Protein chains: 2
Amino acid sequence: MRLVVIGGVAAGMSAAARARRLDPSAEIVVLEKGTVVSYGACGMPYFIEGRVRAWETLVAHTPESFARERNVTVRTGAEVTAIAHAKREVLLADGESLKYDRLVIATGARASLAGIANTSAPHVFTLNTIYDAIRLKEHLERTRPGRAAVVGAGYIGLETVEALRANGWRVQLLTRSAQLLGRSDEWLTAALRRHLERFRVEVSVGHPVADTREIAADLIVLGAGLKPCVELAAEAGVELGRTGAIRVTDRAETNLHGVFAAGDCAETNHLVTGRPVWIPLGTTANKTGRVAGANATGRRERFPGVLGTSIVRVCGLGVAFTGLSTESARREGFQPVSTRIEALDKPRYFGGRTLTVELVADKPTGRLLGATLLGEKGVEGRINVAATAISQRMTVEDLETLDLAYAPPFATVWDPLLIAAQQLGKLVH
Amino acid sequence: MRLVVIGGVAAGMSAAARARRLDPSAEIVVLEKGTVVSYGACGMPYFIEGRVRAWETLVAHTPESFARERNVTVRTGAEVTAIAHAKREVLLADGESLKYDRLVIATGARASLAGIANTSAPHVFTLNTIYDAIRLKEHLERTRPGRAAVVGAGYIGLETVEALRANGWRVQLLTRSAQLLGRSDEWLTAALRRHLERFRVEVSVGHPVADTREIAADLIVLGAGLKPCVELAAEAGVELGRTGAIRVTDRAETNLHGVFAAGDCAETNHLVTGRPVWIPLGTTANKTGRVAGANATGRRERFPGVLGTSIVRVCGLGVAFTGLSTESARREGFQPVSTRIEALDKPRYFGGRTLTVELVADKPTGRLLGATLLGEKGVEGRINVAATAISQRMTVEDLETLDLAYAPPFATVWDPLLIAAQQLGKLVH
């Protein structure tokens, strides 16, 4: 059995590693068009910032280590130009063709520059790949700090704002959408905006960019318009979903038998709505890659879906959410009620800081639908409790009595999540 | 309707406050034998340590503020000597009697000194109440640091060890049981012991104390043998459970109609075993007090139970657990399997530290039964995720695909909990 994996970053390498563990005899080949595999793309902003000194730190495995330790062939500089599924083979840019029995497509996502003119000027950058990050870092090292503009207010955009500020740049953030972080929550956008402005970041929302020459800046980073890389799959007859990403079953299989897709190029199921969504995140890429790899060896593993749980640090502020916002809950046919509280994450004598907690629930059923947290500390653990609760279809009432840990160095006796649940409990039913 | 509450600390004050919110017209009287109410007993070790400068910081409400803001009468120095339920009245030490329609018993717990001789010497202390804490603190302030012995390795014992060390004392920890923290986990006791010894704390486990004169120390803190204060209730015909604490329904009601019990004097239901347990904790006291207060006004609220989720900081190390240990799971009739892993709580370039995660599951069903975490950072959030998962009867497989938040400043892409779940997944079924 030969398994071919297209793409050697998070999903692809997870798939290859898992397949090897489950099937010691399969031939496994990873085809990566770049020169570096298995890198942590989420660490790139911290390489730009300088906290990560060498980009090699972000690389978990090399082709050599994968060959030696896992008996997986990783070919870099191997660009797949077509998938001929009828013949079960992939064609490479150099004219070579390679047969497969099973195929995993893990082609990722990239910032779409369509609609923006003049993106190849020397002061214009993207941050799709490690090569982009290296190019930007080199530029920062040989350039005196000046005015920078970041286009796009997703995770990478916001993290890049922080990284550029840390390098002494004055930063302007431009976003086409009226909202930051792509979350339909006006209060969140307002809070983030206030926070960024406190750090002297100039924020322009609802500001589409058609040409980089419109922006008066010494440095421009284009982070907007992330799109799944699906051209190769679509041309081979792999079906796309309504989100534009590859449609897959809960076994990570596409409409073509024996062809799997995982990571940022594929859809997943949303655990609250039960509908396909495209939420490209490193965590999901690793998990779906693992499931695709297992099923490619003949196992039957399921990936139940996601809540879009995510967290980002913006100039020292932790911002996290999971599940649905009030507005998206309404669009999905729920009758959302929500509450937003501020509470200390631990006692003041242990340096407690204010934490903002918003919970969203469905009024008639009391079911918890979403949560948003904002704070300097204590955000990551609590968003994960909320994610666990939402994934288990807990009600607000269930949450109110949850047995959470307390001691003064760590929390308050009534955890902010429980206080929010008590408040929200008054609004449901 | 007159509601009388016996005890003015966590459970009693929660009951009174909740009853008032639900019933604006009830007469509510809290009887507290001490002079201070509504204090955070869990903060006492940090008052001893010196981080909390004034004990008043630990007091959330005074009798005056409760009267003014909530129209609740709080009588201090009011010791109840008997409950005459047939007449629906309580008798006070000064001879007075007070009628009630509903009664909430919130008499708490105390370190039983039974079986230890010479406990009233001036260098011998307990830490049951704020008065004990004040007395110990005064002693520390007028005494040169020397050799201290702490008897008992529960939360208060271990926190007191840290507090005394911070005051310059050499500390010995003595415990009757073979285990620390009352958790039947040899590895945990061994790990904690190693950690304490690294901080030059001398640890003697399996060392019962019959007489304080056996201990060669300048200062002795007796923290062992915590018992529920049930004498008053038992004499009035309130039924006790097999744990020795007051038996209650899931509405916090005792066998006597209209008499409720909450907090450290009462049992609760264990959410894994479905059996009554006595696990005295501040979080549970607040929650059960709230439910008792609601039901005393005629509402019908349920307290589903606890997992014994707890956390303690021991010389900088966070130690937390929830649910059952492997040994207790076996005693309860499960077929436990467990796994213990070490992983970074976040990337090394963000100061990631090693976290130890143990998960326990039931082999035939895969149901998660318990978790233990140990680490300098990142313990509190993850134990709460485990508690949420266990309370919802999640399986190890459910946990493996949980959508947890990731960004480098906060976590690793595979959270330590998920890594542990993957490991444990190989052992179930």
# chains A, B, ... in the order shown; residues from 1 in each chain; ligands from 1
>>> interface_residues(of="chain A", to="chain B", cutoff="6 Å", atoms="only C-alpha atoms", output="MDAnalysis selection string")
chainID A and resid 283 306 309:311 381 384:385 403:405 413
>>> calpha_fit_and_write(fixed="chain B", moving="chain A", output="tab-separated table (two decimals) with C-alpha atoms, in the first residue's frame")
chain	number	residue	atom	x	y	z
A	1	MET	CA	-41.45	33.45	57.33
A	2	ARG	CA	-38.39	33.48	59.55
A	3	LEU	CA	-35.24	31.78	58.31
A	4	VAL	CA	-32.57	31.10	60.90
A	5	VAL	CA	-29.06	30.26	59.73
A	6	ILE	CA	-26.58	28.72	62.16
A	7	GLY	CA	-23.06	29.73	61.11
A	8	GLY	CA	-21.88	32.91	59.43
A	9	VAL	CA	-18.98	31.87	57.21
A	10	ALA	CA	-19.14	30.57	53.62
A	11	ALA	CA	-22.23	28.34	53.47
A	12	GLY	CA	-24.28	30.24	56.02
A	13	MET	CA	-23.76	33.64	54.47
A	14	SER	CA	-24.38	32.27	50.96
A	15	ALA	CA	-27.64	30.77	52.15
A	16	ALA	CA	-28.74	34.01	53.80
A	17	ALA	CA	-27.81	36.14	50.78
A	18	ARG	CA	-29.58	33.86	48.31
A	19	ALA	CA	-32.69	33.58	50.45
A	20	ARG	CA	-32.91	37.34	50.67
A	21	ARG	CA	-32.60	37.73	46.89
A	22	LEU	CA	-35.42	35.27	46.28
A	23	ASP	CA	-37.67	36.36	49.13
A	24	PRO	CA	-37.61	40.08	49.86
A	25	SER	CA	-40.07	39.78	52.74
A	26	ALA	CA	-38.63	36.90	54.79
A	27	GLU	CA	-37.06	37.63	58.15
A	28	ILE	CA	-33.53	36.25	57.99
A	29	VAL	CA	-31.30	35.85	61.04
A	30	VAL	CA	-27.75	34.51	60.96
A	31	LEU	CA	-26.36	33.28	64.27
A	32	GLU	CA	-22.57	33.22	64.45
A	33	LYS	CA	-20.83	32.20	67.65
A	34	GLY	CA	-17.64	34.08	66.72
A	35	THR	CA	-17.21	37.79	66.24
A	36	VAL	CA	-16.34	37.83	62.54
A	37	VAL	CA	-18.56	36.63	59.71
A	38	SER	CA	-18.18	36.03	56.00
A	39	TYR	CA	-14.44	35.59	55.89
A	40	GLY	CA	-12.46	33.67	53.30
A	41	ALA	CA	-10.92	30.91	55.39
A	42	CYS	CA	-8.89	29.75	52.35
A	43	GLY	CA	-6.96	33.00	52.50
A	44	MET	CA	-5.73	32.38	56.09
A	45	PRO	CA	-2.42	30.75	55.10
A	46	TYR	CA	-1.62	33.86	53.03
A	47	PHE	CA	-2.34	36.05	56.04
A	48	ILE	CA	0.10	33.87	58.03
A	49	GLU	CA	2.60	34.16	55.18
A	50	GLY	CA	2.29	37.95	55.11
A	51	ARG	CA	0.97	38.40	51.58
A	52	VAL	CA	-2.37	39.41	53.07
A	53	ARG	CA	-1.36	42.18	55.46
A	54	ALA	CA	-4.54	42.64	57.45
A	55	TRP	CA	-6.96	39.87	58.31
A	56	GLU	CA	-9.80	42.28	57.53
A	57	THR	CA	-8.86	41.88	53.85
A	58	LEU	CA	-10.30	38.37	54.03
A	59	VAL	CA	-13.67	39.59	55.25
A	60	ALA	CA	-16.21	40.05	52.46
A	61	HIS	CA	-19.08	41.41	54.59
A	62	THR	CA	-19.63	42.70	58.10
A	63	PRO	CA	-22.83	42.25	60.12
A	64	GLU	CA	-23.46	45.96	59.49
A	65	SER	CA	-23.03	45.73	55.70
A	66	PHE	CA	-25.25	42.65	55.58
A	67	ALA	CA	-27.93	44.44	57.56
A	68	ARG	CA	-27.71	47.60	55.46
A	69	GLU	CA	-27.37	46.10	51.98
A	70	ARG	CA	-29.41	42.92	52.34
A	71	ASN	CA	-31.69	43.44	55.30
A	72	VAL	CA	-30.29	40.32	56.98
A	73	THR	CA	-29.77	40.32	60.75
A	74	VAL	CA	-26.36	38.89	61.60
A	75	ARG	CA	-25.81	38.26	65.31
A	76	THR	CA	-22.25	37.55	66.36
A	77	GLY	CA	-21.32	36.00	69.68
A	78	ALA	CA	-24.55	34.03	69.30
A	79	GLU	CA	-23.79	30.42	70.13
A	80	VAL	CA	-26.59	27.96	69.52
A	81	THR	CA	-26.62	25.24	72.18
A	82	ALA	CA	-29.64	23.26	71.02
A	83	ILE	CA	-32.18	22.92	68.23
A	84	ALA	CA	-35.69	22.06	69.44
A	85	HIS	CA	-37.24	21.15	66.12
A	86	ALA	CA	-40.58	20.06	67.57
A	87	LYS	CA	-41.03	23.64	68.75
A	88	ARG	CA	-39.17	25.06	65.75
A	89	GLU	CA	-36.76	26.96	67.91
A	90	VAL	CA	-33.07	27.24	68.60
A	91	LEU	CA	-31.66	27.84	72.08
A	92	LEU	CA	-28.74	30.18	72.60
A	93	ALA	CA	-25.96	30.01	75.16
A	94	ASP	CA	-27.30	33.10	76.91
A	95	GLY	CA	-30.61	31.33	77.58
A	96	GLU	CA	-32.55	33.06	74.83
A	97	SER	CA	-34.62	31.05	72.38
A	98	LEU	CA	-35.43	31.96	68.81
A	99	LYS	CA	-38.29	30.59	66.68
A	100	TYR	CA	-37.77	29.58	63.07
A	101	ASP	CA	-39.89	28.45	60.17
A	102	ARG	CA	-36.92	27.21	58.21
A	103	LEU	CA	-33.44	26.44	59.48
A	104	VAL	CA	-30.10	26.21	57.68
A	105	ILE	CA	-27.30	24.45	59.58
A	106	ALA	CA	-23.90	25.64	58.43
A	107	THR	CA	-21.70	24.78	61.37
A	108	GLY	CA	-18.58	23.93	59.34
A	109	ALA	CA	-15.71	21.65	60.26
A	110	ARG	CA	-12.76	21.75	62.62
A	111	ALA	CA	-9.50	19.93	63.22
A	112	SER	CA	-10.26	17.26	65.76
A	113	LEU	CA	-7.70	17.32	68.53
A	114	ALA	CA	-9.14	14.15	70.08
A	115	GLY	CA	-6.35	11.71	70.80
A	116	ILE	CA	-3.63	14.36	70.99
A	117	ALA	CA	-2.49	15.36	74.44
A	118	ASN	CA	-1.17	18.78	75.46
A	119	THR	CA	-2.75	20.86	72.73
A	120	SER	CA	-3.15	23.98	74.83
A	121	ALA	CA	0.53	24.84	75.26
A	122	PRO	CA	1.33	28.40	74.12
A	123	HIS	CA	3.41	27.20	71.16
A	124	VAL	CA	0.63	24.91	69.84
A	125	PHE	CA	-1.83	26.27	67.28
A	126	THR	CA	-4.72	25.19	65.10
A	127	LEU	CA	-6.04	26.94	61.97
A	128	ASN	CA	-9.78	26.33	62.08
A	129	THR	CA	-10.94	29.91	62.30
A	130	ILE	CA	-9.79	33.43	61.65
A	131	TYR	CA	-9.19	33.79	65.42
A	132	ASP	CA	-6.69	30.91	65.24
A	133	ALA	CA	-4.98	32.60	62.31
A	134	ILE	CA	-4.76	35.92	64.16
A	135	ARG	CA	-3.31	34.23	67.23
A	136	LEU	CA	-0.67	32.39	65.16
A	137	LYS	CA	0.23	35.54	63.23
A	138	GLU	CA	0.71	37.50	66.45
A	139	HIS	CA	2.92	34.73	67.75
A	140	LEU	CA	5.05	34.77	64.59
A	141	GLU	CA	5.46	38.52	64.84
A	142	ARG	CA	6.85	38.44	68.35
A	143	THR	CA	8.95	35.27	68.00
A	144	ARG	CA	12.29	34.67	66.32
A	145	PRO	CA	12.03	31.99	63.60
A	146	GLY	CA	13.09	28.56	64.76
A	147	ARG	CA	11.89	25.01	64.21
A	148	ALA	CA	8.25	24.51	63.30
A	149	ALA	CA	6.24	21.33	62.96
A	150	VAL	CA	3.05	21.09	60.95
A	151	VAL	CA	0.88	18.08	61.74
A	152	GLY	CA	-1.37	17.09	58.84
A	153	ALA	CA	-0.80	17.22	55.10
A	154	GLY	CA	-4.14	18.45	53.83
A	155	TYR	CA	-4.44	21.79	51.99
A	156	ILE	CA	-4.15	23.89	55.11
A	157	GLY	CA	-1.19	21.88	56.38
A	158	LEU	CA	0.73	22.21	53.12
A	159	GLU	CA	-0.12	25.88	52.70
A	160	THR	CA	0.99	26.51	56.27
A	161	VAL	CA	4.32	24.81	55.55
A	162	GLU	CA	4.88	27.31	52.73
A	163	ALA	CA	3.73	30.23	54.92
A	164	LEU	CA	6.08	29.33	57.77
A	165	ARG	CA	9.04	28.85	55.43
A	166	ALA	CA	8.34	32.32	53.99
A	167	ASN	CA	8.63	33.61	57.56
A	168	GLY	CA	12.06	32.07	57.96
A	169	TRP	CA	11.12	28.95	59.90
A	170	ARG	CA	12.62	25.53	59.35
A	171	VAL	CA	9.67	23.25	58.87
A	172	GLN	CA	8.92	19.63	59.55
A	173	LEU	CA	5.73	18.04	58.19
A	174	LEU	CA	4.22	15.13	60.11
A	175	THR	CA	1.33	13.09	58.87
A	176	ARG	CA	-0.41	10.09	60.33
A	177	SER	CA	-1.45	8.82	56.91
A	178	ALA	CA	1.01	7.32	54.44
A	179	GLN	CA	-0.23	9.77	51.84
A	180	LEU	CA	-0.08	13.50	51.37
A	181	LEU	CA	-3.19	15.51	50.54
A	182	GLY	CA	-5.36	12.54	51.47
A	183	ARG	CA	-5.15	11.28	47.89
A	184	SER	CA	-4.51	7.56	47.49
A	185	ASP	CA	-1.77	7.97	44.89
A	186	GLU	CA	1.68	6.78	45.80
A	187	TRP	CA	3.35	8.56	42.89
A	188	LEU	CA	1.75	11.85	43.92
A	189	THR	CA	2.91	11.51	47.51
A	190	ALA	CA	6.41	10.65	46.26
A	191	ALA	CA	6.50	13.62	43.87
A	192	LEU	CA	5.24	16.05	46.51
A	193	ARG	CA	7.66	14.70	49.05
A	194	ARG	CA	10.61	15.15	46.67
A	195	HIS	CA	9.43	18.68	45.96
A	196	LEU	CA	9.08	19.56	49.66
A	197	GLU	CA	12.48	18.08	50.47
A	198	ARG	CA	14.02	20.20	47.72
A	199	PHE	CA	12.74	23.13	49.77
A	200	ARG	CA	14.32	21.62	52.90
A	201	VAL	CA	11.03	20.62	54.44
A	202	GLU	CA	11.48	17.46	56.50
A	203	VAL	CA	8.63	15.08	55.70
A	204	SER	CA	7.56	12.20	57.99
A	205	VAL	CA	4.61	10.24	56.66
A	206	GLY	CA	2.89	7.48	58.66
A	207	HIS	CA	3.79	9.36	61.83
A	208	PRO	CA	0.85	9.64	64.24
A	209	VAL	CA	1.15	12.19	67.03
A	210	ALA	CA	-0.30	11.29	70.44
A	211	ASP	CA	1.15	14.13	72.47
A	212	THR	CA	2.55	17.46	71.30
A	213	ARG	CA	5.46	16.91	73.73
A	214	GLU	CA	6.72	14.20	71.36
A	215	ILE	CA	7.57	16.92	68.86
A	216	ALA	CA	10.78	18.84	69.36
A	217	ALA	CA	9.73	22.15	67.83
A	218	ASP	CA	9.40	25.78	68.88
A	219	LEU	CA	6.05	26.01	67.12
A	220	ILE	CA	3.46	23.35	66.35
A	221	VAL	CA	0.49	23.77	64.01
A	222	LEU	CA	-2.15	21.04	64.28
A	223	GLY	CA	-3.98	20.77	60.97
A	224	ALA	CA	-4.89	17.11	60.99
A	225	GLY	CA	-8.13	15.29	61.60
A	226	LEU	CA	-10.67	17.66	60.11
A	227	LYS	CA	-14.17	16.65	61.21
A	228	PRO	CA	-17.61	18.06	60.44
A	229	CYS	CA	-19.23	19.97	63.35
A	230	VAL	CA	-22.39	17.92	63.68
A	231	GLU	CA	-23.02	17.61	67.42
A	232	LEU	CA	-25.75	20.24	67.50
A	233	ALA	CA	-27.54	18.71	64.51
A	234	ALA	CA	-27.20	15.13	65.73
A	235	GLU	CA	-28.61	15.98	69.15
A	236	ALA	CA	-31.64	17.50	67.48
A	237	GLY	CA	-32.34	14.32	65.55
A	238	VAL	CA	-30.75	15.33	62.27
A	239	GLU	CA	-29.52	12.17	60.59
A	240	LEU	CA	-25.84	11.74	59.83
A	241	GLY	CA	-24.49	9.80	56.86
A	242	ARG	CA	-21.87	7.08	56.91
A	243	THR	CA	-19.17	9.70	56.42
A	244	GLY	CA	-20.11	11.24	59.77
A	245	ALA	CA	-21.34	14.45	58.16
A	246	ILE	CA	-24.98	15.50	57.89
A	247	ARG	CA	-26.94	13.52	55.32
A	248	VAL	CA	-28.82	15.76	52.90
A	249	THR	CA	-30.98	15.38	49.81
A	250	ASP	CA	-29.91	16.95	46.52
A	251	ARG	CA	-32.05	19.90	47.68
A	252	ALA	CA	-29.73	20.31	50.71
A	253	GLU	CA	-32.54	19.27	53.05
A	254	THR	CA	-31.95	17.03	56.08
A	255	ASN	CA	-34.30	14.32	57.32
A	256	LEU	CA	-36.12	17.02	59.33
A	257	HIS	CA	-38.57	18.88	57.13
A	258	GLY	CA	-37.63	22.51	56.75
A	259	VAL	CA	-34.14	21.97	58.15
A	260	PHE	CA	-31.34	22.32	55.60
A	261	ALA	CA	-27.60	21.78	55.93
A	262	ALA	CA	-24.81	23.11	53.75
A	263	GLY	CA	-21.08	23.54	53.64
A	264	ASP	CA	-18.41	21.67	55.56
A	265	CYS	CA	-20.86	20.07	58.03
A	266	ALA	CA	-22.79	18.23	55.30
A	267	GLU	CA	-22.29	15.40	52.85
A	268	THR	CA	-22.62	15.81	49.09
A	269	ASN	CA	-23.10	13.41	46.22
A	270	HIS	CA	-20.03	12.26	44.29
A	271	LEU	CA	-20.69	12.72	40.59
A	272	VAL	CA	-18.61	9.72	39.51
A	273	THR	CA	-19.77	7.15	42.04
A	274	GLY	CA	-23.21	8.53	42.83
A	275	ARG	CA	-22.44	7.96	46.51
A	276	PRO	CA	-22.45	10.39	49.43
A	277	VAL	CA	-19.04	11.83	50.27
A	278	TRP	CA	-17.69	14.35	52.70
A	279	ILE	CA	-15.22	16.62	50.92
A	280	PRO	CA	-15.15	19.95	52.79
A	281	LEU	CA	-14.14	22.74	50.39
A	282	GLY	CA	-14.93	26.45	50.15
A	283	THR	CA	-16.32	26.14	46.63
A	284	THR	CA	-18.82	23.48	47.66
A	285	ALA	CA	-19.76	25.41	50.81
A	286	ASN	CA	-20.68	28.45	48.73
A	287	LYS	CA	-22.63	26.41	46.18
A	288	THR	CA	-24.53	24.25	48.65
A	289	GLY	CA	-25.23	27.30	50.84
A	290	ARG	CA	-26.79	28.99	47.82
A	291	VAL	CA	-29.00	25.99	47.08
A	292	ALA	CA	-30.00	25.61	50.75
A	293	GLY	CA	-30.90	29.30	50.89
A	294	ALA	CA	-33.01	29.04	47.73
A	295	ASN	CA	-34.88	25.93	48.87
A	296	ALA	CA	-35.45	27.42	52.33
A	297	THR	CA	-37.54	30.10	50.59
A	298	GLY	CA	-39.63	27.47	48.83
A	299	ARG	CA	-37.74	27.19	45.55
A	300	ARG	CA	-36.80	23.74	44.29
A	301	GLU	CA	-33.16	23.88	43.31
A	302	ARG	CA	-30.84	20.92	43.01
A	303	PHE	CA	-27.19	20.55	43.80
A	304	PRO	CA	-26.02	17.69	41.59
A	305	GLY	CA	-22.79	16.97	43.47
A	306	VAL	CA	-19.04	17.26	43.39
A	307	LEU	CA	-15.93	15.70	41.95
A	308	GLY	CA	-13.70	16.85	44.79
A	309	THR	CA	-11.91	19.15	42.37
A	310	SER	CA	-9.17	20.89	44.28
A	311	ILE	CA	-5.92	22.67	43.85
A	312	VAL	CA	-3.17	23.72	46.21
A	313	ARG	CA	0.12	25.52	45.78
A	314	VAL	CA	3.01	23.86	47.60
A	315	CYS	CA	6.29	25.81	47.52
A	316	GLY	CA	5.55	27.10	44.02
A	317	LEU	CA	4.18	23.84	42.66
A	318	GLY	CA	0.53	23.64	41.64
A	319	VAL	CA	-1.08	20.32	42.57
A	320	ALA	CA	-4.63	19.63	41.46
A	321	PHE	CA	-6.96	16.71	41.15
A	322	THR	CA	-10.55	15.87	40.35
A	323	GLY	CA	-12.62	12.70	40.33
A	324	LEU	CA	-11.16	9.38	41.40
A	325	SER	CA	-7.59	8.20	41.77
A	326	THR	CA	-6.72	4.78	40.33
A	327	GLU	CA	-6.95	3.19	43.76
A	328	SER	CA	-10.24	4.81	44.73
A	329	ALA	CA	-11.67	3.89	41.31
A	330	ARG	CA	-10.77	0.27	41.96
A	331	ARG	CA	-12.39	0.40	45.41
A	332	GLU	CA	-15.54	1.79	43.80
A	333	GLY	CA	-15.80	-1.19	41.46
A	334	PHE	CA	-14.38	0.30	38.27
A	335	GLN	CA	-11.63	-1.33	36.21
A	336	PRO	CA	-9.29	1.63	36.12
A	337	VAL	CA	-6.50	2.14	33.62
A	338	SER	CA	-4.31	5.19	33.81
A	339	THR	CA	-1.57	7.02	32.02
A	340	ARG	CA	0.84	9.65	33.23
A	341	ILE	CA	2.70	11.96	30.87
A	342	GLU	CA	4.99	14.94	31.09
A	343	ALA	CA	4.65	17.72	28.52
A	344	LEU	CA	5.34	21.42	28.22
A	345	ASP	CA	2.43	23.70	29.09
A	346	LYS	CA	3.48	26.06	26.26
A	347	PRO	CA	6.37	26.34	23.82
A	348	ARG	CA	9.80	26.62	25.36
A	349	TYR	CA	10.26	30.03	23.70
A	350	PHE	CA	7.32	31.27	25.78
A	351	GLY	CA	8.79	29.93	28.99
A	352	GLY	CA	7.02	26.58	28.83
A	353	ARG	CA	7.41	24.39	31.93
A	354	THR	CA	6.93	20.70	32.42
A	355	LEU	CA	3.44	19.66	33.41
A	356	THR	CA	2.60	16.19	34.72
A	357	VAL	CA	-0.83	14.91	33.73
A	358	GLU	CA	-2.36	11.70	34.98
A	359	LEU	CA	-5.70	10.54	33.60
A	360	VAL	CA	-7.70	7.62	34.94
A	361	ALA	CA	-10.41	5.89	32.92
A	362	ASP	CA	-12.64	2.87	33.17
A	363	LYS	CA	-11.24	0.24	30.81
A	364	PRO	CA	-14.46	-1.40	29.54
A	365	THR	CA	-16.36	1.84	28.92
A	366	GLY	CA	-13.57	4.32	28.27
A	367	ARG	CA	-15.25	6.70	30.69
A	368	LEU	CA	-12.95	9.26	32.24
A	369	LEU	CA	-12.87	8.89	36.04
A	370	GLY	CA	-10.18	11.16	37.36
A	371	ALA	CA	-7.27	13.46	36.66
A	372	THR	CA	-4.26	14.74	38.57
A	373	LEU	CA	-2.03	17.60	37.44
A	374	LEU	CA	1.25	18.85	38.78
A	375	GLY	CA	3.24	21.80	37.55
A	376	GLU	CA	4.49	25.30	38.14
A	377	LYS	CA	2.11	26.73	35.56
A	378	GLY	CA	-0.98	25.83	33.61
A	379	VAL	CA	-2.49	23.49	36.20
A	380	GLU	CA	-5.69	25.31	37.14
A	381	GLY	CA	-7.21	25.62	33.67
A	382	ARG	CA	-6.53	22.04	32.72
A	383	ILE	CA	-7.87	20.48	35.92
A	384	ASN	CA	-11.08	22.40	35.27
A	385	VAL	CA	-11.32	21.02	31.72
A	386	ALA	CA	-10.87	17.53	33.18
A	387	ALA	CA	-13.52	18.24	35.83
A	388	THR	CA	-15.96	19.43	33.17
A	389	ALA	CA	-15.24	16.35	31.06
A	390	ILE	CA	-15.68	13.95	33.99
A	391	SER	CA	-18.89	15.63	35.14
A	392	GLN	CA	-20.28	15.09	31.62
A	393	ARG	CA	-19.23	11.43	31.57
A	394	MET	CA	-16.96	12.00	28.62
A	395	THR	CA	-14.90	9.12	27.35
A	396	VAL	CA	-11.19	9.22	26.64
A	397	GLU	CA	-12.05	9.21	22.94
A	398	ASP	CA	-14.25	12.29	23.36
A	399	LEU	CA	-11.39	14.03	25.14
A	400	GLU	CA	-8.88	13.24	22.37
A	401	THR	CA	-10.66	15.43	19.84
A	402	LEU	CA	-11.71	18.23	22.18
A	403	ASP	CA	-11.37	21.64	20.54
A	404	LEU	CA	-9.04	23.43	22.96
A	405	ALA	CA	-7.53	26.85	22.37
A	406	TYR	CA	-4.01	27.21	21.06
A	407	ALA	CA	-1.61	30.06	20.42
A	408	PRO	CA	2.06	30.00	21.41
A	409	PRO	CA	1.77	32.44	24.35
A	410	PHE	CA	-0.80	30.15	25.98
A	411	ALA	CA	-0.42	26.49	25.07
A	412	THR	CA	1.07	23.91	22.75
A	413	VAL	CA	-0.74	22.81	19.61
A	414	TRP	CA	-1.33	19.42	21.22
A	415	ASP	CA	-2.39	20.31	24.69
A	416	PRO	CA	-0.91	18.06	27.43
A	417	LEU	CA	-4.47	16.91	28.22
A	418	LEU	CA	-4.92	15.74	24.63
A	419	ILE	CA	-1.54	13.98	24.62
A	420	ALA	CA	-2.52	12.16	27.81
A	421	ALA	CA	-5.89	11.25	26.30
A	422	GLN	CA	-4.18	9.84	23.19
A	423	GLN	CA	-1.94	7.69	25.38
A	424	LEU	CA	-4.81	6.51	27.53
A	425	GLY	CA	-6.90	5.79	24.42
A	426	LYS	CA	-4.55	2.92	23.66
A	427	LEU	CA	-5.39	1.24	26.99
A	428	VAL	CA	-9.18	1.36	27.03
A	429	HIS	CA	-11.65	-1.17	25.52
>>> select_by_dssp(residues="stretch 15-159 of chain B", states="strand (DSSP E or B)", output="CSV table (one decimal) with C-alpha atoms, in the first residue's frame")
chain,number,residue,atom,x,y,z
B,27,GLU,CA,-37.0,37.6,58.1
B,28,ILE,CA,-33.5,36.2,57.9
B,29,VAL,CA,-31.3,35.8,61.0
B,30,VAL,CA,-27.7,34.5,60.9
B,31,LEU,CA,-26.3,33.3,64.2
B,39,TYR,CA,-14.4,35.6,55.9
B,59,VAL,CA,-13.7,39.6,55.2
B,73,THR,CA,-29.8,40.3,60.7
B,74,VAL,CA,-26.3,38.9,61.5
B,75,ARG,CA,-25.8,38.3,65.3
B,80,VAL,CA,-26.5,28.0,69.5
B,81,THR,CA,-26.6,25.2,72.1
B,82,ALA,CA,-29.6,23.3,71.0
B,83,ILE,CA,-32.1,22.9,68.2
B,84,ALA,CA,-35.6,22.0,69.4
B,89,GLU,CA,-36.7,26.9,67.9
B,90,VAL,CA,-33.0,27.2,68.6
B,91,LEU,CA,-31.6,27.8,72.0
B,92,LEU,CA,-28.7,30.2,72.5
B,97,SER,CA,-34.6,31.1,72.3
B,98,LEU,CA,-35.4,32.0,68.8
B,99,LYS,CA,-38.2,30.6,66.6
B,102,ARG,CA,-36.9,27.2,58.2
B,103,LEU,CA,-33.4,26.4,59.5
B,104,VAL,CA,-30.1,26.2,57.7
B,105,ILE,CA,-27.3,24.4,59.5
B,109,ALA,CA,-15.7,21.6,60.3
B,110,ARG,CA,-12.7,21.7,62.6
B,111,ALA,CA,-9.5,19.9,63.2
B,117,ALA,CA,-2.5,15.3,74.5
B,124,VAL,CA,0.6,24.9,69.9
B,125,PHE,CA,-1.8,26.3,67.3
B,126,THR,CA,-4.7,25.2,65.1
B,147,ARG,CA,11.9,25.0,64.2
B,148,ALA,CA,8.2,24.5,63.3
B,149,ALA,CA,6.2,21.3,63.0
B,150,VAL,CA,3.0,21.1,61.0
B,151,VAL,CA,0.9,18.1,61.7
